[in-house]
file run34.cif (mmCIF, C-alpha atoms and all ligand atoms)
data_target
loop_
_atom_site.label_atom_id
_atom_site.label_comp_id
_atom_site.auth_asym_id
_atom_site.auth_seq_id
_atom_site.Cartn_x
_atom_site.Cartn_y
_atom_site.Cartn_z
CA MET L 1 -80.90 -320.45 149.03
CA THR L 2 -81.43 -322.73 152.00
CA ASN L 3 -85.22 -322.74 151.79
CA LYS L 4 -87.08 -323.06 148.52
CA ARG L 5 -87.73 -319.63 147.07
CA LYS L 6 -91.44 -319.06 146.54
CA ILE L 7 -92.09 -317.53 143.15
CA SER L 8 -94.95 -316.46 140.92
CA ILE L 9 -94.58 -315.92 137.19
CA LEU L 10 -96.85 -313.36 135.57
CA GLY L 11 -96.90 -314.21 131.87
CA SER L 12 -95.73 -317.82 132.15
CA THR L 13 -97.16 -318.63 128.70
CA GLY L 14 -94.96 -316.02 126.97
CA SER L 15 -91.42 -316.19 125.65
CA ILE L 16 -89.77 -315.08 128.91
CA GLY L 17 -92.26 -317.01 131.05
CA ARG L 18 -91.69 -320.31 129.25
CA GLN L 19 -87.92 -319.92 129.51
CA ALA L 20 -88.29 -319.08 133.21
CA LEU L 21 -90.12 -322.38 133.71
CA GLU L 22 -87.27 -324.18 131.92
CA VAL L 23 -84.83 -322.56 134.37
CA ILE L 24 -87.03 -323.52 137.33
CA GLU L 25 -87.40 -327.08 136.07
CA LYS L 26 -83.60 -327.32 136.02
CA LEU L 27 -83.41 -325.86 139.56
CA ALA L 28 -86.47 -327.73 140.85
CA ASP L 29 -85.08 -328.12 144.37
CA LYS L 30 -84.66 -324.34 144.69
CA PHE L 31 -88.16 -323.08 143.85
CA GLU L 32 -91.78 -323.51 144.81
CA ILE L 33 -94.27 -321.98 142.40
CA ILE L 34 -97.12 -320.01 143.94
CA ALA L 35 -98.82 -318.80 140.76
CA LEU L 36 -98.61 -319.00 136.98
CA THR L 37 -100.52 -316.66 134.70
CA GLY L 38 -101.33 -316.31 131.04
CA GLY L 39 -103.49 -314.15 128.79
CA SER L 40 -105.39 -316.06 126.13
CA ASN L 41 -103.28 -319.22 125.81
CA THR L 42 -105.34 -321.23 128.30
CA GLU L 43 -104.24 -324.53 126.78
CA LEU L 44 -100.57 -323.92 127.60
CA LEU L 45 -101.41 -322.45 131.00
CA THR L 46 -103.41 -325.58 131.86
CA GLU L 47 -100.52 -327.77 130.72
CA GLN L 48 -98.09 -325.74 132.87
CA ALA L 49 -100.46 -325.87 135.86
CA LEU L 50 -100.74 -329.66 135.66
CA LYS L 51 -96.97 -329.98 135.46
CA PHE L 52 -95.83 -327.39 138.03
CA LYS L 53 -98.82 -327.51 140.40
CA PRO L 54 -99.02 -323.85 141.50
CA LYS L 55 -101.56 -322.72 144.10
CA TYR L 56 -103.13 -320.24 141.69
CA ILE L 57 -103.42 -319.66 138.00
CA CYS L 58 -104.74 -316.54 136.35
CA THR L 59 -106.02 -316.02 132.83
CA GLY L 60 -106.70 -312.82 130.89
CA LYS L 61 -110.47 -313.35 130.83
CA LYS L 62 -112.80 -315.53 132.90
CA THR L 63 -112.56 -319.19 131.86
CA SER L 64 -113.98 -322.54 132.85
CA ILE L 65 -110.58 -324.04 133.73
CA ASN L 66 -111.07 -326.19 136.79
CA ILE L 67 -108.08 -328.07 138.19
CA ALA L 68 -108.35 -329.73 141.60
CA GLY L 69 -106.32 -327.93 144.25
CA ILE L 70 -105.64 -324.88 142.08
CA LYS L 71 -107.53 -321.62 142.45
CA THR L 72 -108.34 -320.01 139.09
CA LEU L 73 -108.36 -316.21 138.90
CA TYR L 74 -108.68 -313.82 135.98
CA GLY L 75 -107.95 -310.29 134.83
CA THR L 76 -105.87 -307.55 136.42
CA GLU L 77 -107.66 -308.16 139.73
CA GLY L 78 -106.44 -311.75 139.61
CA LEU L 79 -102.87 -310.62 138.98
CA GLU L 80 -103.17 -308.12 141.82
CA GLU L 81 -104.49 -310.82 144.16
CA ILE L 82 -101.44 -312.93 143.36
CA CYS L 83 -99.15 -309.94 143.98
CA SER L 84 -100.82 -309.33 147.35
CA ASN L 85 -99.94 -312.81 148.57
CA LYS L 86 -97.02 -312.28 150.93
CA GLU L 87 -96.11 -315.93 150.66
CA ASN L 88 -94.26 -314.92 147.49
CA ASP L 89 -90.54 -314.25 147.96
CA ILE L 90 -90.25 -312.98 144.41
CA ILE L 91 -92.51 -312.29 141.46
CA LEU L 92 -91.30 -312.48 137.88
CA VAL L 93 -93.23 -309.88 135.90
CA ALA L 94 -93.05 -311.20 132.35
CA VAL L 95 -96.38 -310.11 130.93
CA SER L 96 -96.18 -307.86 127.90
CA GLY L 97 -97.54 -304.33 127.78
CA LYS L 98 -99.13 -302.03 130.32
CA ILE L 99 -100.87 -304.90 132.11
CA GLY L 100 -97.62 -305.34 134.07
CA LEU L 101 -97.75 -302.00 135.88
CA ARG L 102 -100.51 -302.36 138.50
CA PRO L 103 -99.52 -305.88 139.64
CA THR L 104 -95.91 -304.68 139.99
CA LEU L 105 -97.03 -301.80 142.20
CA LYS L 106 -99.16 -304.22 144.25
CA ALA L 107 -96.16 -306.51 144.78
CA ILE L 108 -94.04 -303.53 145.88
CA GLU L 109 -96.79 -302.44 148.29
CA ASN L 110 -96.61 -305.90 149.82
CA GLY L 111 -92.84 -305.84 150.13
CA ILE L 112 -92.30 -308.61 147.55
CA ASP L 113 -89.10 -308.48 145.46
CA ILE L 114 -89.51 -308.29 141.72
CA ALA L 115 -87.65 -309.79 138.79
CA LEU L 116 -88.71 -307.36 136.10
CA ALA L 117 -88.86 -308.29 132.43
CA ASN L 118 -91.81 -306.05 131.55
CA LYS L 119 -90.16 -302.85 130.34
CA GLU L 120 -93.40 -300.91 129.95
CA THR L 121 -93.66 -300.74 133.75
CA LEU L 122 -90.58 -298.52 133.96
CA VAL L 123 -91.15 -296.67 130.70
CA MET L 124 -94.65 -295.65 131.81
CA ALA L 125 -94.11 -295.08 135.50
CA GLY L 126 -90.42 -295.48 136.33
CA ASP L 127 -90.30 -292.58 138.79
CA ILE L 128 -93.20 -293.88 140.87
CA VAL L 129 -92.20 -297.55 140.69
CA MET L 130 -88.56 -296.98 141.70
CA GLN L 131 -89.46 -294.50 144.44
CA ARG L 132 -92.03 -296.83 146.01
CA ALA L 133 -89.63 -299.77 145.79
CA LYS L 134 -86.90 -297.72 147.44
CA ASN L 135 -89.23 -296.54 150.22
CA LEU L 136 -90.22 -300.11 151.05
CA GLY L 137 -86.81 -301.70 150.51
CA VAL L 138 -88.10 -303.84 147.64
CA LYS L 139 -85.54 -305.13 145.14
CA ILE L 140 -86.25 -304.63 141.44
CA ILE L 141 -83.91 -307.01 139.66
CA PRO L 142 -83.78 -306.55 135.90
CA VAL L 143 -84.33 -309.47 133.53
CA ASP L 144 -83.71 -307.57 130.31
CA SER L 145 -80.28 -308.85 129.26
CA GLU L 146 -78.65 -305.40 128.96
CA HIS L 147 -79.83 -304.26 132.38
CA CYS L 148 -79.01 -307.61 133.90
CA ALA L 149 -75.49 -307.14 132.50
CA ILE L 150 -75.21 -303.67 134.04
CA HIS L 151 -76.62 -304.96 137.34
CA GLN L 152 -73.86 -307.57 137.36
CA CYS L 153 -71.14 -304.98 136.60
CA ILE L 154 -72.07 -302.32 139.14
CA LYS L 155 -70.52 -302.42 142.59
CA ASP L 156 -71.07 -298.80 143.58
CA ILE L 157 -73.32 -296.71 141.38
CA LYS L 158 -71.76 -293.48 142.69
CA GLN L 159 -68.48 -294.39 140.99
CA VAL L 160 -70.04 -295.04 137.60
CA GLU L 161 -69.31 -292.49 134.88
CA LYS L 162 -71.61 -293.92 132.22
CA LEU L 163 -73.63 -296.92 131.12
CA ILE L 164 -72.94 -298.48 127.73
CA ILE L 165 -75.92 -300.41 126.39
CA THR L 166 -75.24 -302.77 123.50
CA ALA L 167 -77.67 -303.32 120.62
CA SER L 168 -77.51 -306.15 118.12
CA GLY L 169 -78.79 -303.76 115.46
CA GLY L 170 -81.64 -306.09 114.48
CA PRO L 171 -82.40 -307.48 111.04
CA PHE L 172 -81.98 -304.15 109.22
CA LEU L 173 -78.53 -303.22 110.50
CA ASN L 174 -76.89 -303.72 107.11
CA LYS L 175 -79.93 -302.88 105.01
CA THR L 176 -80.78 -299.51 103.47
CA VAL L 177 -83.57 -297.21 104.56
CA THR L 178 -85.38 -298.19 101.34
CA ASP L 179 -85.13 -301.88 102.32
CA MET L 180 -86.57 -300.96 105.70
CA LYS L 181 -89.37 -298.95 104.14
CA ASN L 182 -90.39 -301.95 102.02
CA ALA L 183 -89.92 -304.53 104.76
CA THR L 184 -92.56 -307.20 105.20
CA VAL L 185 -93.79 -308.36 108.61
CA SER L 186 -91.82 -311.59 108.33
CA GLU L 187 -88.61 -309.69 107.51
CA ALA L 188 -89.12 -307.49 110.56
CA LEU L 189 -89.79 -310.56 112.70
CA ALA L 190 -86.61 -312.34 111.55
CA HIS L 191 -84.34 -311.24 114.39
CA PRO L 192 -80.77 -312.46 113.86
CA ARG L 193 -79.95 -313.23 117.51
CA TRP L 194 -82.95 -313.44 119.82
CA ASN L 195 -86.23 -315.34 119.72
CA MET L 196 -88.81 -313.14 121.47
CA GLY L 197 -92.48 -312.12 121.45
CA ARG L 198 -93.74 -310.36 118.27
CA LYS L 199 -94.06 -306.82 119.66
CA ILE L 200 -90.55 -306.67 121.11
CA THR L 201 -89.16 -308.26 117.94
CA VAL L 202 -90.57 -305.45 115.80
CA ASP L 203 -89.20 -302.97 118.36
CA SER L 204 -85.80 -304.60 117.92
CA ALA L 205 -86.04 -304.09 114.15
CA THR L 206 -86.82 -300.36 114.56
CA LEU L 207 -84.39 -300.07 117.52
CA MET L 208 -87.30 -298.73 119.56
CA ASN L 209 -86.51 -301.61 121.91
CA LYS L 210 -83.14 -299.96 122.54
CA GLY L 211 -84.91 -296.65 123.04
CA LEU L 212 -87.17 -298.18 125.69
CA GLU L 213 -84.07 -299.76 127.26
CA ILE L 214 -82.41 -296.35 127.60
CA ILE L 215 -85.42 -295.20 129.62
CA GLU L 216 -85.45 -298.47 131.60
CA ALA L 217 -81.74 -298.00 132.43
CA HIS L 218 -82.29 -294.40 133.52
CA HIS L 219 -84.83 -295.54 136.11
CA LEU L 220 -83.19 -298.77 137.26
CA PHE L 221 -79.80 -297.19 137.86
CA ASN L 222 -80.86 -293.58 138.49
CA MET L 223 -78.52 -292.43 135.73
CA PRO L 224 -78.96 -289.18 133.76
CA TYR L 225 -79.69 -289.67 130.06
CA ASP L 226 -76.47 -288.01 128.91
CA LYS L 227 -74.58 -290.73 130.76
CA ILE L 228 -76.29 -293.57 128.89
CA ASP L 229 -74.71 -294.55 125.57
CA VAL L 230 -75.81 -297.07 122.99
CA VAL L 231 -73.36 -299.02 120.85
CA VAL L 232 -74.20 -301.48 118.09
CA HIS L 233 -72.61 -304.88 118.68
CA PRO L 234 -73.96 -307.40 116.15
CA GLN L 235 -72.65 -310.57 117.83
CA SER L 236 -74.68 -309.98 121.05
CA ILE L 237 -71.89 -311.39 123.20
CA VAL L 238 -71.17 -308.26 125.25
CA HIS L 239 -74.55 -307.70 126.88
CA SER L 240 -73.68 -304.19 128.14
CA ALA L 241 -70.96 -302.42 130.09
CA ILE L 242 -70.23 -299.60 132.49
CA GLU L 243 -67.39 -297.14 132.61
CA TYR L 244 -66.15 -296.15 136.05
CA VAL L 245 -64.93 -292.64 136.83
CA ASP L 246 -61.32 -293.87 136.76
CA GLY L 247 -61.68 -295.09 133.17
CA SER L 248 -62.05 -298.80 133.92
CA VAL L 249 -64.69 -300.45 131.80
CA ILE L 250 -66.48 -303.54 133.11
CA ALA L 251 -68.63 -305.54 130.71
CA GLN L 252 -70.71 -308.67 131.11
CA LEU L 253 -70.35 -311.27 128.38
CA GLY L 254 -71.98 -314.55 127.55
CA LEU L 255 -73.54 -316.54 124.76
CA PRO L 256 -76.89 -314.99 123.80
CA SER L 257 -79.51 -316.79 125.87
CA MET L 258 -82.31 -315.35 127.97
CA HIS L 259 -82.03 -318.32 130.36
CA ILE L 260 -78.97 -316.68 131.91
CA PRO L 261 -80.46 -313.27 132.81
CA ILE L 262 -83.74 -314.87 133.87
CA GLN L 263 -81.90 -317.25 136.18
CA TYR L 264 -79.68 -314.47 137.52
CA ALA L 265 -82.73 -312.36 138.39
CA ILE L 266 -84.70 -315.08 140.15
CA THR L 267 -81.77 -316.58 142.06
CA TYR L 268 -80.02 -313.27 142.91
CA PRO L 269 -77.73 -312.83 144.80
CA GLU L 270 -76.78 -316.51 144.44
CA ARG L 271 -75.61 -318.35 141.34
CA PHE L 272 -76.20 -321.94 140.36
CA ALA L 273 -75.27 -324.24 137.48
CA GLY L 274 -78.19 -323.81 135.11
CA ILE L 275 -79.06 -324.22 131.47
CA LYS L 276 -75.94 -323.67 129.44
CA SER L 277 -75.62 -324.73 125.82
CA LYS L 278 -71.81 -324.88 125.91
CA SER L 279 -68.78 -323.44 127.61
CA PHE L 280 -67.78 -319.89 126.67
CA SER L 281 -64.76 -319.58 124.39
CA PHE L 282 -63.23 -316.27 123.25
CA ALA L 283 -61.26 -318.17 120.61
CA GLU L 284 -64.43 -319.65 119.12
CA ILE L 285 -66.13 -316.25 119.08
CA ALA L 286 -62.95 -314.84 117.50
CA ARG L 287 -64.17 -311.30 116.99
CA LEU L 288 -66.41 -308.72 118.57
CA ASP L 289 -67.50 -305.73 116.48
CA PHE L 290 -68.81 -302.38 117.65
CA GLU L 291 -70.14 -299.37 115.78
CA LYS L 292 -72.06 -296.18 116.44
CA PRO L 293 -75.81 -296.50 115.92
CA ASP L 294 -77.22 -294.64 112.92
CA PHE L 295 -79.60 -292.11 114.47
CA ASN L 296 -80.91 -291.05 111.06
CA LYS L 297 -81.85 -294.55 109.99
CA PHE L 298 -83.21 -295.42 113.45
CA PRO L 299 -84.81 -292.18 114.77
CA SER L 300 -86.38 -294.16 117.64
CA LEU L 301 -83.20 -293.56 119.64
CA ASN L 302 -83.67 -289.79 119.34
CA PHE L 303 -87.32 -290.16 120.32
CA ALA L 304 -86.36 -292.07 123.46
CA TYR L 305 -83.65 -289.64 124.57
CA HIS L 306 -86.01 -286.75 123.90
CA ALA L 307 -88.97 -288.31 125.74
CA GLY L 308 -86.75 -289.43 128.59
CA LYS L 309 -85.19 -286.01 129.09
CA THR L 310 -88.61 -284.34 128.83
CA GLY L 311 -89.89 -286.70 131.53
CA GLY L 312 -93.43 -286.79 132.91
CA SER L 313 -95.95 -288.27 130.50
CA ALA L 314 -93.64 -287.97 127.46
CA THR L 315 -92.47 -291.56 127.83
CA VAL L 316 -96.07 -292.75 128.32
CA CYS L 317 -96.87 -291.13 124.98
CA LEU L 318 -93.82 -292.65 123.29
CA ASN L 319 -94.67 -296.12 124.56
CA ALA L 320 -98.40 -296.02 123.72
CA ALA L 321 -98.01 -294.46 120.27
CA ASN L 322 -95.23 -296.85 119.32
CA GLU L 323 -97.13 -299.90 120.56
CA GLU L 324 -100.30 -299.00 118.64
CA ALA L 325 -98.21 -298.35 115.52
CA VAL L 326 -96.44 -301.71 115.95
CA PHE L 327 -99.79 -303.51 116.23
CA ALA L 328 -100.98 -301.70 113.07
CA PHE L 329 -97.80 -302.81 111.28
CA LEU L 330 -98.30 -306.41 112.41
CA ASP L 331 -101.92 -306.17 111.13
CA GLY L 332 -100.65 -305.05 107.74
CA LYS L 333 -102.22 -301.58 108.06
CA ILE L 334 -99.03 -299.53 107.89
CA LYS L 335 -95.44 -299.92 106.71
CA LEU L 336 -92.53 -300.43 109.09
CA TYR L 337 -91.17 -296.94 108.64
CA ASP L 338 -94.61 -295.41 109.34
CA ILE L 339 -94.08 -296.49 112.96
CA TYR L 340 -91.57 -293.65 113.24
CA SER L 341 -93.68 -290.93 111.62
CA ILE L 342 -96.76 -291.89 113.61
CA THR L 343 -94.88 -292.02 116.90
CA GLU L 344 -93.18 -288.70 116.15
CA GLU L 345 -96.45 -287.01 115.27
CA MET L 346 -98.08 -288.23 118.47
CA MET L 347 -95.13 -287.05 120.53
CA ASN L 348 -95.11 -283.62 118.88
CA SER L 349 -98.80 -283.08 119.58
CA HIS L 350 -98.71 -284.34 123.18
CA ASN L 351 -99.05 -281.86 126.04
CA VAL L 352 -96.66 -283.29 128.57
CA LEU L 353 -97.91 -283.64 132.13
CA GLN L 354 -95.12 -283.64 134.74
CA ASN L 355 -95.37 -285.96 137.76
CA PRO L 356 -98.51 -287.80 136.63
CA THR L 357 -100.25 -290.14 139.09
CA ILE L 358 -100.79 -293.78 138.17
CA ASP L 359 -104.43 -293.07 137.23
CA GLU L 360 -103.32 -290.13 135.07
CA ILE L 361 -100.71 -292.36 133.41
CA PHE L 362 -103.40 -294.88 132.46
CA ASP L 363 -105.72 -292.10 131.23
CA ILE L 364 -102.97 -290.60 129.08
CA ASP L 365 -101.99 -294.03 127.80
CA ASN L 366 -105.60 -294.64 126.78
CA GLU L 367 -106.00 -291.26 125.16
CA ILE L 368 -102.76 -291.63 123.15
CA ARG L 369 -103.79 -295.08 121.95
CA ILE L 370 -107.15 -293.80 120.71
CA LYS L 371 -105.54 -290.81 119.00
CA THR L 372 -102.86 -293.02 117.42
CA GLN L 373 -105.49 -295.37 116.03
CA GLU L 374 -107.43 -292.38 114.68
CA LEU L 375 -104.28 -291.08 113.01
CA ILE L 376 -103.60 -294.50 111.48
CA ASN L 377 -107.17 -294.83 110.22
CA LEU L 378 -107.15 -291.32 108.82
CA THR L 379 -103.87 -291.56 106.98
CA HIS L 380 -103.24 -295.21 106.23
CA VAL L 381 -106.40 -297.28 105.91
P1 LIG K 1 -94.79 -312.59 124.88
O1 LIG K 1 -95.73 -311.88 123.97
O2 LIG K 1 -94.10 -313.80 124.40
O3 LIG K 1 -95.56 -313.00 126.24
C1 LIG K 1 -96.42 -312.10 126.89
C2 LIG K 1 -97.06 -312.77 128.10
O4 LIG K 1 -97.99 -311.85 128.67
C3 LIG K 1 -97.85 -314.02 127.76
O5 LIG K 1 -97.85 -314.89 128.86
C4 LIG K 1 -99.25 -313.47 127.54
O6 LIG K 1 -100.26 -314.43 127.69
C5 LIG K 1 -99.30 -312.44 128.65
N1 LIG K 1 -100.30 -311.40 128.39
C6 LIG K 1 -100.36 -310.59 127.31
N2 LIG K 1 -101.42 -309.78 127.40
C7 LIG K 1 -102.06 -310.09 128.56
C8 LIG K 1 -103.22 -309.62 129.21
N3 LIG K 1 -103.97 -308.65 128.69
N4 LIG K 1 -103.55 -310.17 130.41
C9 LIG K 1 -102.80 -311.13 130.96
N5 LIG K 1 -101.68 -311.64 130.39
C10 LIG K 1 -101.32 -311.12 129.20
O7 LIG K 1 -93.77 -311.48 125.37
P2 LIG K 1 -92.25 -311.68 125.85
O8 LIG K 1 -92.15 -312.85 126.79
O9 LIG K 1 -91.35 -311.58 124.71
O10 LIG K 1 -92.03 -310.33 126.69
C11 LIG K 1 -92.62 -310.11 127.95
C12 LIG K 1 -92.10 -308.81 128.52
O11 LIG K 1 -90.69 -308.94 128.72
C13 LIG K 1 -92.28 -307.61 127.59
O12 LIG K 1 -92.56 -306.47 128.33
C14 LIG K 1 -90.93 -307.50 126.88
O13 LIG K 1 -90.64 -306.16 126.51
C15 LIG K 1 -89.99 -307.95 127.98
N6 LIG K 1 -88.74 -308.54 127.51
C16 LIG K 1 -88.74 -309.65 126.72
C17 LIG K 1 -87.55 -310.21 126.27
C18 LIG K 1 -87.53 -311.45 125.45
O14 LIG K 1 -86.45 -311.98 125.19
N7 LIG K 1 -88.66 -311.98 125.02
C19 LIG K 1 -86.26 -309.60 126.61
C20 LIG K 1 -86.37 -308.48 127.49
C21 LIG K 1 -87.57 -307.96 127.91
P3 LIG K 1 -100.84 -315.31 126.43
O15 LIG K 1 -99.69 -315.63 125.55
O16 LIG K 1 -101.40 -316.51 127.16
O17 LIG K 1 -101.91 -314.50 125.78
MG MG K 2 -82.95 -306.26 125.94
#

call {"tool": "encode", "arguments": {"input": "run34.cif", "output": "structure tokens"}}
result
Amino acid sequence: MTNKRKISILGSTGSIGRQALEVIEKLADKFEIIALTGGSNTELLTEQALKFKPKYICTGKKTSINIAGIKTLYGTEGLEEICSNKENDIILVAVSGKIGLRPTLKAIENGIDIALANKETLVMAGDIVMQRAKNLGVKIIPVDSEHCAIHQCIKDIKQVEKLIITASGGPFLNKTVTDMKNATVSEALAHPRWNMGRKITVDSATLMNKGLEIIEAHHLFNMPYDKIDVVVHPQSIVHSAIEYVDGSVIAQLGLPSMHIPIQYAITYPERFAGIKSKSFSFAEIARLDFEKPDFNKFPSLNFAYHAGKTGGSATVCLNAANEEAVFAFLDGKIKLYDIYSITEEMMNSHNVLQNPTIDEIFDIDNEIRIKTQELINLTHV
């Protein structure tokens, strides 16, 4: 990168956002920050703004933050204003939840490349997002470590036979279904390999995260669902792989750290020396294990394949029902395993709408959330 790359980070106060700022601090001569955004953590956002001096900041709700030389925005409109600023070369979308979708579409509309961490964007509206990006020649570079791995492996998508997504298996890999049924919130949040936001950590415990990643992969790489496999790999060293039609398998490996995929996505197609804890050594790692995922213990994988193959609003329903159930679990209202039964019930009762518009997607998302909360209140509170 000869000139400094101009970047905005949506969700700079979150797990991915904070690590992105660590990467940028290390590569300070390569980036200029246009905007940083947060939700409710205004203290951290202010601290980041004073340190990195962006042109804009944006908070979830209106605040009284007033920093000389920095314009303060708020809400989705604020995020959309940032994504309309063509000064940006790239926008890292690292907010959590559905809030990521409209700003991503706005950035695409303005021809701005996207480093995408927010998986809900593709799970809710992958067809529309990828089509619009393709039409306008906008790059969507994945940040999620599995998709980043696949992105690094693929030379020519037409020659790929299948994608192989790895899953660490989460904290309940070697526990029984009974252990899972009785799991406390802190047990579900104790992920063995990755330190992430609370919602995605619970999804990693139920393997719904892997389910959402199957859908993400389908959209990012335009790959049919029967050509996307999941394999459990507890060490999280092989971040994913692809098999070519000739039988060659190419995998991407590395020590588990989100700094690497974040840096890859925001510096693509270049590579720079970044944050690295130590040099990679096969001998030190010594062994890599793989096993088939247990679809009975983790029905979320079936839900995702089913919703993905059904298409239309089925994945909107899956995402919204699961997210509401996860929040209810984190609030102590339901047990971990209830997330499955609630999500399944919502999916079974959903009338799928094919080719929904963005407004219809948001309406359906809203409706499913209300119905999921009603179901939770009726049966569990
Ligand atoms: P966090 O919960 O740590 O961070 C979420 C970010 O979004 C925070 O900056 C938060 O602001 C902001 N935010 C949340 N709600 C709103 C809102 N209503 N309006 C504006 N901003 C909001 O999540 P993660 O960083 O873990 O994950 C972010 C996304 O990346 C998710 O979609 C996740 O699935 C995906 N991802 C994460 C990975 C990880 O390793 N963490 C790996 C792969 C994908 P605040 O905190 O100030 O309220
Ligand atoms: Mg992942």

call {"tool": "closest_atom_pairs", "arguments": {"input": "run34.cif", "of": "chain L", "to": "ligand MG 2 (chain K)", "cutoff": "7 Å", "atoms": "all atoms listed in the file", "output": "JSON lines"}}
result
{"residue": "L:Asp144", "atom": "CA", "partner": "K:MG2", "partner_atom": "MG", "distance": 4.6}
{"residue": "L:Ser145", "atom": "CA", "partner": "K:MG2", "partner_atom": "MG", "distance": 5.0}
{"residue": "L:Glu146", "atom": "CA", "partner": "K:MG2", "partner_atom": "MG", "distance": 5.3}
{"residue": "L:Glu213", "atom": "CA", "partner": "K:MG2", "partner_atom": "MG", "distance": 6.7}

call {"tool": "residues_near_ligand", "arguments": {"input": "run34.cif", "ligand": "ligand LIG 1 (chain K)", "cutoff": "7 Å", "atoms": "only C-alpha atoms and all ligand atoms", "output": "NGL selection string"}}
result
:L and (10-17 or 37-42 or 59-60 or 75-76 or 94-97 or 99 or 117-120 or 143-145 or 194-200 or 258)

call {"tool": "closest_residue", "arguments": {"input": "run34.cif", "among": "L:Lys162, L:Arg369, L:Lys333, L:His151", "to": "Pro269 in chain L", "atoms": "only C-alpha atoms"}}
result
L:His151

call {"tool": "residues_near_point", "arguments": {"input": "run34.cif", "point": "(-69.9, -300.6, 131.7)", "cutoff": "6 Å", "atoms": "only C-alpha atoms", "output": "PyMOL selection string"}}
result
chain L and resi 163-164+241-243+249-251

call {"tool": "write_last_selection", "arguments": {"input": "run34.cif", "atoms": "C-alpha atoms", "output": "short mmCIF file (atom, residue, chain, number, x, y, z; two decimals), in the frame of the given file"}}
result
data_model
loop_
_atom_site.label_atom_id
_atom_site.label_comp_id
_atom_site.auth_asym_id
_atom_site.auth_seq_id
_atom_site.Cartn_x
_atom_site.Cartn_y
_atom_site.Cartn_z
CA LEU L 163 -73.63 -296.92 131.12
CA ILE L 164 -72.94 -298.48 127.73
CA ALA L 241 -70.96 -302.42 130.09
CA ILE L 242 -70.23 -299.60 132.49
CA GLU L 243 -67.39 -297.14 132.61
CA VAL L 249 -64.69 -300.45 131.80
CA ILE L 250 -66.48 -303.54 133.11
CA ALA L 251 -68.63 -305.54 130.71
#

call {"tool": "atom_distance", "arguments": {"input": "run34.cif", "atom1": "CA of Ile165 in chain L", "atom2": "CA of Asn296 in chain L"}}
result
18.6 Å

call {"tool": "atom_distance", "arguments": {"input": "run34.cif", "atom1": "CA of Pro293 in chain L", "atom2": "CA of Leu207 in chain L"}}
result
9.4 Å

call {"tool": "closest_residue", "arguments": {"input": "run34.cif", "among": "L:Ile215, L:Leu220, L:Leu253, L:Met208", "to": "Tyr340 in chain L", "atoms": "all atoms listed in the file"}}
result
L:Met208

call {"tool": "closest_residue", "arguments": {"input": "run34.cif", "among": "L:Ile262, L:Gly137, L:Lys61, L:Asn88", "to": "Arg18 in chain L", "atoms": "all atoms listed in the file"}}
result
L:Ile262

call {"tool": "atom_distance", "arguments": {"input": "run34.cif", "atom1": "CA of Gln152 in chain L", "atom2": "CA of Glu87 in chain L"}}
result
27.2 Å

call {"tool": "residues_around", "arguments": {"input": "run34.cif", "residues": "Asp359 in chain L", "least_positions_apart": "3", "cutoff": "12 Å", "atoms": "all atoms listed in the file", "output": "short mmCIF file (atom, residue, chain, number, x, y, z; two decimals) with C-alpha atoms, in the frame of the given file"}}
result
data_model
loop_
_atom_site.label_atom_id
_atom_site.label_comp_id
_atom_site.auth_asym_id
_atom_site.auth_seq_id
_atom_site.Cartn_x
_atom_site.Cartn_y
_atom_site.Cartn_z
CA LEU L 101 -97.75 -302.00 135.88
CA ARG L 102 -100.51 -302.36 138.50
CA MET L 124 -94.65 -295.65 131.81
CA ALA L 125 -94.11 -295.08 135.50
CA ILE L 128 -93.20 -293.88 140.87
CA SER L 313 -95.95 -288.27 130.50
CA ASN L 355 -95.37 -285.96 137.76
CA PRO L 356 -98.51 -287.80 136.63
CA PHE L 362 -103.40 -294.88 132.46
CA ASP L 363 -105.72 -292.10 131.23
CA ILE L 364 -102.97 -290.60 129.08
CA ASP L 365 -101.99 -294.03 127.80
CA ASN L 366 -105.60 -294.64 126.78
#

call {"tool": "closest_residue", "arguments": {"input": "run34.cif", "among": "L:Gly312, L:Gly169, L:Pro299, L:Gly274", "to": "Lys26 in chain L", "atoms": "all atoms listed in the file"}}
result
L:Gly274

call {"tool": "closest_residue", "arguments": {"input": "run34.cif", "among": "L:Gln131, L:Ala304, L:Ile228, L:Ser8", "to": "Asn209 in chain L", "atoms": "all atoms listed in the file"}}
result
L:Ala304

call {"tool": "closest_residue", "arguments": {"input": "run34.cif", "among": "L:Thr357, L:Thr184, L:Ser236, L:Asn135", "to": "Asp331 in chain L", "atoms": "all atoms listed in the file"}}
result
L:Thr184
